[in-house]
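Student: One file: query-v6.cif (mmCIF, C-alpha atoms).
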data_final
loop_
_atom_site.label_atom_id
_atom_site.label_comp_id
_atom_site.auth_asym_id
_atom_site.auth_seq_id
_atom_site.Cartn_x
_atom_site.Cartn_y
_atom_site.Cartn_z
CA MET K 1308 67.05 117.00 90.58
CA LYS K 1309 65.61 119.68 88.38
CA ILE K 1310 68.60 121.04 86.49
CA LEU K 1311 69.06 123.86 84.00
CA ILE K 1312 71.86 123.30 81.50
CA THR K 1313 72.75 126.26 79.34
CA GLY K 1314 74.44 125.61 76.01
CA THR K 1315 72.59 122.36 75.19
CA ALA K 1316 72.80 122.92 71.43
CA GLY K 1317 76.56 123.05 72.01
CA PHE K 1318 79.07 120.23 72.22
CA ILE K 1319 79.51 119.58 75.94
CA GLY K 1320 76.01 120.73 76.90
CA PHE K 1321 74.48 118.27 74.44
CA HIS K 1322 76.34 115.34 75.99
CA LEU K 1323 75.65 116.45 79.56
CA ALA K 1324 71.91 116.88 78.95
CA ASN K 1325 71.65 113.36 77.53
CA ARG K 1326 73.62 111.92 80.44
CA LEU K 1327 71.46 113.59 83.10
CA MET K 1328 68.24 112.66 81.31
CA GLU K 1329 69.34 109.03 81.19
CA ARG K 1330 69.88 108.92 84.95
CA GLY K 1331 66.45 110.41 85.61
CA ASP K 1332 67.00 114.09 86.31
CA GLU K 1333 64.47 116.62 85.08
CA VAL K 1334 66.47 118.69 82.60
CA MET K 1335 65.77 122.00 80.93
CA GLY K 1336 68.13 122.93 78.12
CA LEU K 1337 68.80 126.50 77.06
CA ASP K 1338 70.72 127.84 74.07
CA CYS K 1339 70.64 130.95 71.91
CA ILE K 1340 71.68 128.90 68.82
CA ASN K 1341 73.99 131.58 67.42
CA ASP K 1342 75.85 131.20 64.13
CA TYR K 1343 79.43 131.06 65.48
CA TYR K 1344 79.56 127.74 63.62
CA ASP K 1345 77.13 125.66 61.54
CA VAL K 1346 73.67 125.94 63.10
CA ASN K 1347 72.61 122.73 61.35
CA LEU K 1348 74.94 120.79 63.64
CA LYS K 1349 73.39 122.56 66.64
CA TYR K 1350 69.85 121.75 65.52
CA ASP K 1351 70.85 118.13 64.85
CA ARG K 1352 72.16 117.84 68.41
CA LEU K 1353 68.79 119.11 69.64
CA ALA K 1354 66.94 116.71 67.33
CA TYR K 1355 68.94 113.80 68.78
CA ALA K 1356 67.40 114.68 72.15
CA GLY K 1357 63.91 115.01 70.69
CA ILE K 1358 63.68 118.76 70.05
CA GLU K 1359 62.70 119.34 66.43
CA ARG K 1360 63.91 122.44 64.60
CA SER K 1361 60.39 123.36 63.55
CA GLN K 1362 59.36 123.54 67.21
CA VAL K 1363 62.07 125.98 68.30
CA GLU K 1364 60.91 129.54 68.79
CA TYR K 1365 62.65 132.22 70.83
CA GLY K 1366 61.37 132.32 74.42
CA LYS K 1367 59.11 129.27 74.01
CA VAL K 1368 59.55 126.14 76.14
CA VAL K 1369 59.52 123.00 73.98
CA GLN K 1370 58.88 119.46 75.23
CA SER K 1371 61.12 116.68 73.88
CA ASN K 1372 59.31 114.04 71.84
CA LYS K 1373 61.82 111.40 73.03
CA HIS K 1374 62.30 112.16 76.71
CA LYS K 1375 59.51 113.07 79.10
CA ASN K 1376 62.06 114.67 81.45
CA TYR K 1377 63.63 117.03 78.89
CA ARG K 1378 62.48 120.47 77.78
CA PHE K 1379 64.29 123.18 75.83
CA ILE K 1380 64.10 126.95 75.46
CA GLN K 1381 65.90 129.20 72.99
CA LEU K 1382 67.12 132.19 74.99
CA LYS K 1383 70.06 134.55 75.24
CA LEU K 1384 71.79 134.86 78.59
CA GLU K 1385 71.88 138.60 77.98
CA ASP K 1386 68.06 138.65 77.99
CA ARG K 1387 67.88 139.49 81.68
CA GLU K 1388 64.12 139.80 82.05
CA ALA K 1389 63.32 136.55 80.25
CA LEU K 1390 66.05 134.67 82.13
CA HIS K 1391 64.80 135.85 85.53
CA GLN K 1392 61.25 134.90 84.58
CA LEU K 1393 62.42 131.41 83.62
CA PHE K 1394 64.18 130.93 86.96
CA ALA K 1395 61.22 132.27 88.93
CA THR K 1396 58.84 129.92 87.13
CA GLU K 1397 60.94 126.74 87.12
CA LYS K 1398 62.70 126.86 90.52
CA PHE K 1399 65.80 124.88 89.54
CA ASP K 1400 67.69 122.80 92.10
CA ALA K 1401 70.95 123.23 90.22
CA VAL K 1402 72.32 125.08 87.20
CA CYS K 1403 75.19 124.13 84.91
CA ASN K 1404 76.24 127.09 82.79
CA LEU K 1405 78.02 125.86 79.67
CA ALA K 1406 76.73 128.59 77.36
CA ALA K 1407 79.47 130.99 76.33
CA GLN K 1408 81.10 132.57 73.36
CA ALA K 1409 83.87 130.05 72.77
CA GLY K 1410 87.16 130.18 70.89
CA VAL K 1411 90.47 131.89 71.56
CA ARG K 1412 91.19 133.17 68.05
CA TYR K 1413 87.68 134.53 67.46
CA SER K 1414 88.09 136.73 70.54
CA LEU K 1415 90.78 138.67 68.67
CA VAL K 1416 88.32 139.75 65.99
CA ASN K 1417 84.97 139.96 67.81
CA PRO K 1418 85.67 140.90 71.45
CA TYR K 1419 82.19 142.27 72.16
CA ALA K 1420 80.63 138.83 71.67
CA TYR K 1421 82.65 137.65 74.69
CA ILE K 1422 81.62 140.57 76.88
CA ASP K 1423 77.94 140.13 75.99
CA SER K 1424 77.74 136.37 76.56
CA ASN K 1425 80.54 135.57 78.99
CA ILE K 1426 80.37 138.62 81.25
CA ILE K 1427 76.90 140.17 81.00
CA GLY K 1428 75.27 136.78 80.48
CA PHE K 1429 77.13 135.28 83.41
CA VAL K 1430 76.18 138.01 85.87
CA ASN K 1431 72.57 137.47 84.80
CA ILE K 1432 72.95 133.78 85.67
CA LEU K 1433 74.46 134.67 89.04
CA GLU K 1434 71.67 137.10 89.85
CA ALA K 1435 69.01 134.59 88.83
CA CYS K 1436 70.62 131.93 91.04
CA ARG K 1437 70.87 134.36 93.94
CA HIS K 1438 67.25 135.49 93.83
CA ASN K 1439 65.77 132.03 93.26
CA GLU K 1440 67.70 130.01 95.86
CA VAL K 1441 69.44 127.70 93.40
CA GLY K 1442 71.29 125.03 95.37
CA HIS K 1443 74.39 124.89 93.18
CA LEU K 1444 75.81 126.71 90.16
CA ALA K 1445 78.46 124.79 88.22
CA TYR K 1446 79.96 126.68 85.29
CA ALA K 1447 82.49 126.23 82.51
CA SER K 1448 85.82 127.90 82.93
CA SER K 1449 88.82 126.95 80.79
CA SER K 1450 92.44 125.84 80.86
CA SER K 1451 93.05 129.05 78.91
CA VAL K 1452 93.05 130.97 82.20
CA TYR K 1453 96.58 129.67 82.91
CA GLY K 1454 97.86 131.96 80.15
CA LEU K 1455 101.56 132.74 80.42
CA SER K 1456 102.13 130.34 83.32
CA LYS K 1457 104.94 127.82 82.80
CA GLN K 1458 104.21 125.86 86.01
CA MET K 1459 103.40 122.34 84.82
CA PRO K 1460 101.12 120.62 85.45
CA PHE K 1461 98.65 123.48 85.81
CA SER K 1462 97.24 123.51 89.34
CA THR K 1463 94.11 125.29 90.53
CA SER K 1464 96.25 126.58 93.41
CA ASN K 1465 98.46 128.49 90.96
CA ASN K 1466 98.12 132.19 90.16
CA VAL K 1467 96.25 132.83 86.88
CA ASP K 1468 96.61 136.57 86.48
CA HIS K 1469 98.24 136.60 83.02
CA PRO K 1470 95.66 135.51 80.41
CA MET K 1471 96.67 135.60 76.73
CA SER K 1472 93.25 136.27 75.17
CA LEU K 1473 90.01 138.04 75.98
CA TYR K 1474 88.33 134.64 76.01
CA ALA K 1475 90.66 133.53 78.80
CA ALA K 1476 90.16 136.82 80.64
CA SER K 1477 86.38 136.39 80.47
CA LYS K 1478 86.67 132.93 82.03
CA LYS K 1479 88.92 134.19 84.82
CA SER K 1480 86.36 136.96 85.35
CA ASN K 1481 83.64 134.33 85.73
CA GLU K 1482 85.58 132.69 88.55
CA LEU K 1483 86.02 136.02 90.34
CA MET K 1484 82.37 136.95 89.87
CA ALA K 1485 81.26 133.55 91.16
CA HIS K 1486 83.38 133.91 94.28
CA THR K 1487 81.79 137.25 95.00
CA TYR K 1488 78.29 135.71 94.93
CA SER K 1489 79.42 132.75 97.01
CA HIS K 1490 80.94 135.11 99.57
CA LEU K 1491 78.21 137.74 99.72
CA PHE K 1492 75.08 135.68 99.15
CA GLY K 1493 76.06 132.10 99.97
CA VAL K 1494 75.43 130.81 96.43
CA PRO K 1495 77.42 127.54 96.09
CA THR K 1496 79.49 127.81 92.90
CA THR K 1497 81.98 125.49 91.20
CA GLY K 1498 84.17 126.49 88.27
CA LEU K 1499 85.32 123.81 85.84
CA ARG K 1500 88.52 124.39 83.89
CA PHE K 1501 88.17 122.14 80.86
CA PHE K 1502 91.25 120.97 78.95
CA THR K 1503 90.91 120.68 75.12
CA VAL K 1504 87.69 118.67 74.92
CA TYR K 1505 87.14 116.42 71.90
CA GLY K 1506 84.80 113.64 70.81
CA PRO K 1507 81.64 112.86 68.80
CA TRP K 1508 79.38 115.81 67.98
CA GLY K 1509 82.38 118.12 68.53
CA ARG K 1510 82.83 121.73 67.47
CA PRO K 1511 83.92 122.41 63.87
CA ASP K 1512 86.46 125.01 65.00
CA MET K 1513 88.42 122.52 67.14
CA ALA K 1514 91.63 120.83 66.00
CA LEU K 1515 90.38 117.23 65.68
CA PHE K 1516 87.36 118.28 63.60
CA LEU K 1517 89.47 120.55 61.36
CA PHE K 1518 92.16 117.91 60.88
CA ALA K 1519 89.75 115.08 60.06
CA LYS K 1520 87.74 117.22 57.65
CA ALA K 1521 90.81 118.44 55.77
CA MET K 1522 92.38 114.97 55.55
CA LEU K 1523 89.18 113.40 54.23
CA GLU K 1524 88.93 116.17 51.63
CA ASP K 1525 92.60 115.71 50.64
CA GLN K 1526 93.43 119.21 51.87
CA PRO K 1527 96.48 120.23 53.93
CA ILE K 1528 96.06 120.67 57.67
CA LYS K 1529 97.37 123.75 59.46
CA VAL K 1530 99.97 122.75 62.05
CA PHE K 1531 100.68 125.72 64.30
CA ASN K 1532 104.02 126.43 65.98
CA HIS K 1533 105.48 123.99 63.46
CA GLY K 1534 104.00 121.15 65.51
CA ASN K 1535 105.89 122.04 68.69
CA MET K 1536 102.83 122.00 70.93
CA LYS K 1537 101.33 119.73 73.57
CA ARG K 1538 97.75 119.53 74.70
CA ASP K 1539 95.97 117.71 77.49
CA PHE K 1540 93.27 116.39 75.14
CA THR K 1541 90.26 115.22 77.18
CA TYR K 1542 87.48 112.99 75.86
CA VAL K 1543 84.00 114.46 76.20
CA ALA K 1544 82.57 111.50 78.17
CA ASP K 1545 85.27 112.07 80.80
CA ILE K 1546 84.34 115.74 80.98
CA VAL K 1547 80.67 114.87 81.42
CA GLU K 1548 81.45 112.37 84.18
CA GLY K 1549 83.42 115.07 85.99
CA ILE K 1550 80.64 117.63 85.60
CA THR K 1551 78.01 115.19 86.85
CA ARG K 1552 79.98 114.43 89.99
CA VAL K 1553 80.52 118.14 90.60
CA ILE K 1554 76.81 118.95 90.22
CA ASP K 1555 76.00 116.32 92.82
CA ASN K 1556 78.50 117.76 95.32
CA PRO K 1557 77.99 121.48 96.01
CA PRO K 1558 81.02 123.05 97.68
CA LYS K 1559 81.08 124.04 101.30
CA GLY K 1560 83.26 126.68 102.87
CA ASN K 1561 86.81 125.56 103.59
CA PRO K 1562 87.42 126.09 107.34
CA ASN K 1563 91.18 125.81 106.79
CA TRP K 1564 91.35 128.54 104.17
CA SER K 1565 93.69 131.37 105.13
CA GLY K 1566 93.84 134.91 103.82
CA LEU K 1567 97.54 134.92 104.72
CA GLN K 1568 98.19 132.12 102.23
CA PRO K 1569 95.13 132.33 99.97
CA ASP K 1570 94.46 129.29 97.79
CA PRO K 1571 92.58 130.67 94.74
CA SER K 1572 90.74 127.38 94.15
CA THR K 1573 88.80 127.44 97.42
CA SER K 1574 87.51 129.85 100.06
CA THR K 1575 85.72 130.28 103.34
CA ALA K 1576 82.67 130.73 101.10
CA PRO K 1577 80.96 127.77 99.31
CA TYR K 1578 83.25 128.13 96.30
CA LYS K 1579 85.52 125.72 94.41
CA VAL K 1580 87.45 125.48 91.12
CA TYR K 1581 88.52 122.17 89.54
CA ASN K 1582 90.59 121.17 86.55
CA ILE K 1583 89.04 118.46 84.39
CA GLY K 1584 91.75 117.11 82.11
CA ASN K 1585 93.33 113.85 81.05
CA GLN K 1586 96.61 114.78 82.81
CA ASN K 1587 98.49 113.14 79.95
CA PRO K 1588 99.71 115.86 77.56
CA VAL K 1589 100.11 114.63 73.99
CA ALA K 1590 102.42 116.15 71.40
CA LEU K 1591 100.44 117.67 68.55
CA MET K 1592 102.29 115.57 65.98
CA SER K 1593 101.43 112.39 67.92
CA PHE K 1594 97.78 113.46 68.00
CA ILE K 1595 97.87 113.90 64.23
CA GLU K 1596 99.49 110.47 63.83
CA ALA K 1597 96.60 108.92 65.78
CA ILE K 1598 94.11 110.51 63.35
CA GLU K 1599 96.18 109.27 60.40
CA LYS K 1600 96.15 105.77 61.86
CA LYS K 1601 92.37 105.71 62.20
CA LEU K 1602 91.71 107.21 58.76
CA GLY K 1603 94.47 105.36 56.94
CA ILE K 1604 95.54 108.71 55.46
CA VAL K 1605 98.84 110.55 55.73
CA ALA K 1606 98.02 114.21 56.29
CA LYS K 1607 99.41 116.93 54.08
CA LYS K 1608 100.86 119.39 56.58
CA ASN K 1609 101.13 123.15 56.28
CA MET K 1610 103.59 124.08 59.05
CA MET K 1611 102.74 127.50 60.47
CA PRO K 1612 103.95 129.85 63.24
CA MET K 1613 102.28 130.15 66.64
CA GLN K 1614 98.97 131.99 66.55
CA PRO K 1615 98.24 134.97 68.83
CA GLY K 1616 96.53 133.87 72.05
CA ASP K 1617 97.72 130.25 71.82
CA VAL K 1618 99.89 128.53 74.44
CA GLU K 1619 102.60 125.96 73.72
CA ALA K 1620 101.46 123.37 76.23
CA THR K 1621 98.71 122.46 78.69
CA SER K 1622 98.75 119.86 81.44
CA ALA K 1623 96.12 119.38 84.14
CA ASP K 1624 96.72 118.62 87.81
CA VAL K 1625 93.49 116.87 88.83
CA SER K 1626 94.55 115.81 92.31
CA ASP K 1627 91.74 117.71 94.03
CA LEU K 1628 89.18 116.18 91.65
CA VAL K 1629 90.48 112.75 92.64
CA GLU K 1630 90.60 113.58 96.35
CA ASP K 1631 87.20 115.28 96.59
CA LEU K 1632 85.15 113.34 94.05
CA GLY K 1633 87.07 110.13 93.46
CA TYR K 1634 87.37 110.71 89.74
CA ARG K 1635 90.23 110.82 87.25
CA PRO K 1636 89.65 111.17 83.46
CA ASP K 1637 91.37 108.30 81.68
CA THR K 1638 90.12 107.70 78.12
CA PRO K 1639 93.15 107.04 75.86
CA ASN K 1640 93.52 109.48 72.97
CA GLN K 1641 93.47 106.81 70.27
CA GLU K 1642 90.19 105.43 71.63
CA GLY K 1643 88.62 108.89 71.74
CA ILE K 1644 89.85 109.78 68.26
CA ASP K 1645 88.45 106.52 66.89
CA GLN K 1646 85.05 107.34 68.41
CA PHE K 1647 85.10 110.81 66.89
CA VAL K 1648 86.05 109.59 63.41
CA ASP K 1649 83.33 106.91 63.50
CA TRP K 1650 80.79 109.61 64.36
CA TYR K 1651 82.13 112.10 61.80
CA THR K 1652 82.11 109.67 58.88
CA ALA K 1653 78.59 108.48 59.76
CA TYR K 1654 77.20 111.98 60.34
CA TYR K 1655 78.66 113.45 57.14
CA LYS K 1656 78.24 110.19 55.19
CA VAL K 1657 81.92 110.03 54.27
CA MET K 1658 83.51 106.83 52.94
CA VAL K 1659 86.90 105.95 54.43
#
Could you show the structure in this file as structure tokens?
Tutor:
Amino acid sequence: MKILITGTAGFIGFHLANRLMERGDEVMGLDCINDYYDVNLKYDRLAYAGIERSQVEYGKVVQSNKHKNYRFIQLKLEDREALHQLFATEKFDAVCNLAAQAGVRYSLVNPYAYIDSNIIGFVNILEACRHNEVGHLAYASSSSVYGLSKQMPFSTSNNVDHPMSLYAASKKSNELMAHTYSHLFGVPTTGLRFFTVYGPWGRPDMALFLFAKAMLEDQPIKVFNHGNMKRDFTYVADIVEGITRVIDNPPKGNPNWSGLQPDPSTSTAPYKVYNIGNQNPVALMSFIEAIEKKLGIVAKKNMMPMQPGDVEATSADVSDLVEDLGYRPDTPNQEGIDQFVDWYTAYYKVMV
């Protein structure tokens, strides 16, 4: 297929682009390369796929020097005219929208970044898909949409009307907007609620990256809610496998869907929402112990209160992912942490 992946200078988008290239798809990557975190890491991800920093110029399509089936363009999703021109020219078979302003805590201090990228940018993607007959739009949602819910494990059939951050609200909005386009215009859309993704080439604002960096620099780590938290940490290769299977299987309308008992994860329209998580919540202190084991370092811990917008626990029900696509994420946390640390120490040339 000819697939557009937005956010390919980002963590998950980088891994997905490489996976789809390897299996023979024609891939176009798109990213605005903003400075939410270190742009050098973003450019190095691009360089790994054969896009050199010196080649990148806003609005210009660049050919990879490593992969004949990979091209990249620097573009903002908010740039409606340029985005529509790209879709009209390229005629994509499928789109995977992973570009977004990420981060729960950052949404408390810079809310407009989330509206611009996650709302305005997303409606531009929807419109471009609608007017250019894209066969399937898969897009990143988030486990953050479950908000105040205490129903564990989190199920896509549960109500998610109580988000705890603007980031979470923007992701819930994406799901609602996507359903509208599936219903009105027949655009097949699939939302993907990711659960705490980690692994090599990860984001510097995520817990594993922050913990490893601080421990290697002999600095204390910040342990929120005094360590009384659980997360369904999910290894990035498992996320990519789930996304790939979703892309290959556009949703169809559910003939059994009922407005009298409406399941929010499906519809009479070609619309679906999946969780992609490890369905094995790990206590934060156990996660830290696994990092300590790999590094051979006992972390100095600064125990802190819960941060605004955070939730105490996440746990994914992936039964529909298993039933529909035959896939269940299963990478053990210690294995994933070991892979991340090996990458981190090599990338930053750190001796352990």
Student: If you count all atoms listed in the file, which residues fall within 10 Å of range 1458-1463 of chain K, apart from same-chain ones fewer than 4 positions away, as number ranges by chain?
Tutor: K: 1450, 1453, 1467, 1500, 1539, 1570-1573, 1579-1582, 1586-1588, 1620-1627
Student: May I ask which of the residues K:Pro1470, K:Gly1506, K:Gly1454, K:Gly1331 is the closest one to Thr1638 in chain K, counting all atoms listed in the file?
Tutor: K:Gly1506
Student: Counting all atoms listed in the file, which residue out of K:Lys1559, K:His1533, K:Arg1387, K:Arg1437 sits closest to Val1402 in chain K?
Tutor: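 Answer, going by the shortest atom-to-atom distance: K:Arg1437.
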Student: Rank nothing, just name the residue among K:Leu1602, K:Asp1338, K:Tyr1446, K:Leu1567 nearest to Glu1364 in chain K, using all atoms listed in the file.
Tutor: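 Closest to Glu1364 in chain K of all the choices is K:Asp1338.
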Student: Go through K:Ile1358, K:Ala1420, K:Val1659, K:Val1618 and flag the residue nearest Leu1384 in chain K, using all atoms listed in the file for the distances.
Tutor: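 For Leu1384 in chain K, the nearest of the candidates is K:Ala1420.
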Student: Point out the residue among K:Ile1380, K:Ser1464, K:Glu1548, K:Phe1321 with the least atom-to-atom distance to Trp1564 in chain K, counting only C-alpha atoms.
Tutor: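 Comparing K:Ile1380, K:Ser1464, K:Glu1548, K:Phe1321 against Trp1564 in chain K, the winner is K:Ser1464.
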Student: From the options K:Glu1524, K:Glu1434, K:Glu1596, K:Asp1512, which residue's atoms come nearest to Thr1487 in chain K, counting all atoms listed in the file?
Tutor: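 Looking at the shortest contact to Thr1487 in chain K, the residue is K:Glu1434.
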Student: Find the spatial neighbours of Tyr1413 in chain K, counting only C-alpha atoms, within a cut-off of 12 Å - ignore same-chain residues fewer than 3 positions away - and output them as a ChimeraX atom specification.
Tutor: /K:1343-1344,1408-1410,1416-1421,1472-1475,1512,1614-1617
Student: What does the distance from CA of Lys1478 in chain K to CA of Tyr1350 in chain K come to in Å, to one decimal?
Tutor: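 So the two atoms, CA of Lys1478 in chain K and CA of Tyr1350 in chain K, lie 26.1 Å apart.
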Student: If the PyMOL selection byres ((chain K and resi 1366) around 7) is run on the structure shown, which residues does it catch, given as a list in words?
Tutor: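 Checking the PyMOL selection byres ((chain K and resi 1366) around 7) against this file, the residues are Glu1364, Tyr1365, Lys1367, Val1368, Ile1380, Gln1381 and Leu1382 of chain K.
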Student: Could you take the residues named above and write them with C-alpha atoms, as a PDB file, in the frame of the given file?
Tutor:
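This is the output file again16.pdb:
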ATOM      1  CA  GLU K1364      60.910 129.540  68.790  1.00  0.00           C
ATOM      2  CA  TYR K1365      62.650 132.220  70.830  1.00  0.00           C
ATOM      3  CA  LYS K1367      59.110 129.270  74.010  1.00  0.00           C
ATOM      4  CA  VAL K1368      59.550 126.140  76.140  1.00  0.00           C
ATOM      5  CA  ILE K1380      64.100 126.950  75.460  1.00  0.00           C
ATOM      6  CA  GLN K1381      65.900 129.200  72.990  1.00  0.00           C
ATOM      7  CA  LEU K1382      67.120 132.190  74.990  1.00  0.00           C
TER       8      LEU K1382
END
Student: Run the PyMOL selection byres ((chain K and resi 1641) around 12) mentally over the shown coordinates, then write out the matched residues as a list of chain:residue names, using the chain letters and numbers from the document.
Tutor: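 On this input, the PyMOL selection byres ((chain K and resi 1641) around 12) captures K:Tyr1505, K:Gly1506, K:Leu1515, K:Phe1540, K:Thr1541, K:Tyr1542, K:Val1589, K:Ser1593, K:Phe1594, K:Ile1595, K:Glu1596, K:Ala1597, K:Ile1598, K:Glu1599, K:Lys1600, K:Lys1601, K:Leu1602, K:Asp1637, K:Thr1638, K:Pro1639, K:Asn1640, K:Glu1642, K:Gly1643, K:Ile1644, K:Asp1645, K:Gln1646, K:Phe1647, K:Val1648.
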